[in-house]
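Trainee: First the structure, which I've put down as structure tokens, then a few questions once you've had a look.
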Amino acid sequence: MKTKYVGLLLFLCLFSFAAELSAQYGYGGGAYGRRGLGGRQGRSTIPQAQSAPEPPKPKTAEEIVDEAMPNITEVLELNDFEVAVLGAILKKYTQERIEMQILKLSPEKTREGYESIRKRQDEELKAGLPPEKYEAFVKMQSDGIQQSKREKKKEKRKNKKQQ
């Protein structure tokens, strides 16, 4: 009778051991199986919430002008005083343009607002810059900074060849 219980006990132990082995095999052989620690290749079984990437923050008027000033200074060959005057005026009116965009007015109102801002900016620039620098700034605005830089380089090459 004792041998019957021992045999039954042995059978149950082997059966539970076999069940444990098959369960471990399905997850990569235990904690240190063929797939590494945890048997899940480092992936968490808890679902993670997907966070949307933050949209880039719009630049402030000061950042926009500070970014453009080195190119403008190079093209117009401004001194420190002229850089300060031009920078202050551009920051002021760039801020006004940003505020116009935020208001999201009708196209007519927006056009009128931008025209008003441009006129006031031109008046202040005429008063704050020497006439030749103001004209160069207006030309640079119409041509674009890159085009003005190219023209400046061409002029420098011509001057070097003539000398």
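Convention: chains lettered A, B, ... in structure tokens order; per-chain residue numbering from 1; ligands numbered from 1 as shown.
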List the spatial neighbours of Gln95 in chain A as a list of chain:residue names - criterion: any atom at most 9 Å away, only C-alpha atoms, same-chain residues fewer than 3 positions off excluded.
Mentor: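 Result of the neighbour search: A:Thr60, A:Ala61, A:Glu62, A:Leu90, A:Lys91, A:Lys92, A:Ile98, A:Glu99, A:Met100.
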Trainee: Mind dumping the selected residues with N, CA and C atoms as a PDB file, in the first residue's frame?
Mentor:
ATOM      1  N   THR A  60       8.897  83.772 -30.976  1.00  0.00           N
ATOM      2  CA  THR A  60       8.497  85.112 -30.562  1.00  0.00           C
ATOM      3  C   THR A  60       9.070  86.120 -31.550  1.00  0.00           C
ATOM      4  N   ALA A  61       8.560  87.335 -31.493  1.00  0.00           N
ATOM      5  CA  ALA A  61       9.040  88.394 -32.383  1.00  0.00           C
ATOM      6  C   ALA A  61      10.538  88.617 -32.166  1.00  0.00           C
ATOM      7  N   GLU A  62      10.940  88.589 -30.907  1.00  0.00           N
ATOM      8  CA  GLU A  62      12.352  88.802 -30.591  1.00  0.00           C
ATOM      9  C   GLU A  62      13.229  87.708 -31.209  1.00  0.00           C
ATOM     10  N   LEU A  90      12.025  96.563 -35.910  1.00  0.00           N
ATOM     11  CA  LEU A  90      11.553  95.285 -36.466  1.00  0.00           C
ATOM     12  C   LEU A  90      10.865  94.426 -35.408  1.00  0.00           C
ATOM     13  N   LYS A  91      11.398  94.411 -34.195  1.00  0.00           N
ATOM     14  CA  LYS A  91      10.773  93.625 -33.122  1.00  0.00           C
ATOM     15  C   LYS A  91       9.376  94.148 -32.812  1.00  0.00           C
ATOM     16  N   LYS A  92       9.259  95.469 -32.744  1.00  0.00           N
ATOM     17  CA  LYS A  92       7.973  96.089 -32.425  1.00  0.00           C
ATOM     18  C   LYS A  92       6.914  95.704 -33.460  1.00  0.00           C
ATOM     19  N   ILE A  98       2.380  89.360 -35.466  1.00  0.00           N
ATOM     20  CA  ILE A  98       2.038  88.111 -34.772  1.00  0.00           C
ATOM     21  C   ILE A  98       0.684  88.248 -34.088  1.00  0.00           C
ATOM     22  N   GLU A  99       0.457  89.393 -33.449  1.00  0.00           N
ATOM     23  CA  GLU A  99      -0.824  89.624 -32.782  1.00  0.00           C
ATOM     24  C   GLU A  99      -1.973  89.650 -33.791  1.00  0.00           C
ATOM     25  N   MET A 100      -1.728  90.177 -34.995  1.00  0.00           N
ATOM     26  CA  MET A 100      -2.749  90.170 -36.047  1.00  0.00           C
ATOM     27  C   MET A 100      -3.089  88.732 -36.449  1.00  0.00           C
TER      28      MET A 100
END
Trainee: List as a PyMOL selection string the protein and nucleic acid residues near range 118-134 of chain A, meaning an atom at most 12 Å away when only C-alpha atoms are counted, but skip any in the same chain fewer than 3 places from it.
Mentor: chain A and resi 72-73+75-97+111-115+137-141
Trainee: Using only C-alpha atoms, which of the listed residues (A:Ile145, A:Leu103, A:Arg150, A:Pro56) sits closest to Asn71 in chain A?
Mentor: A:Ile145
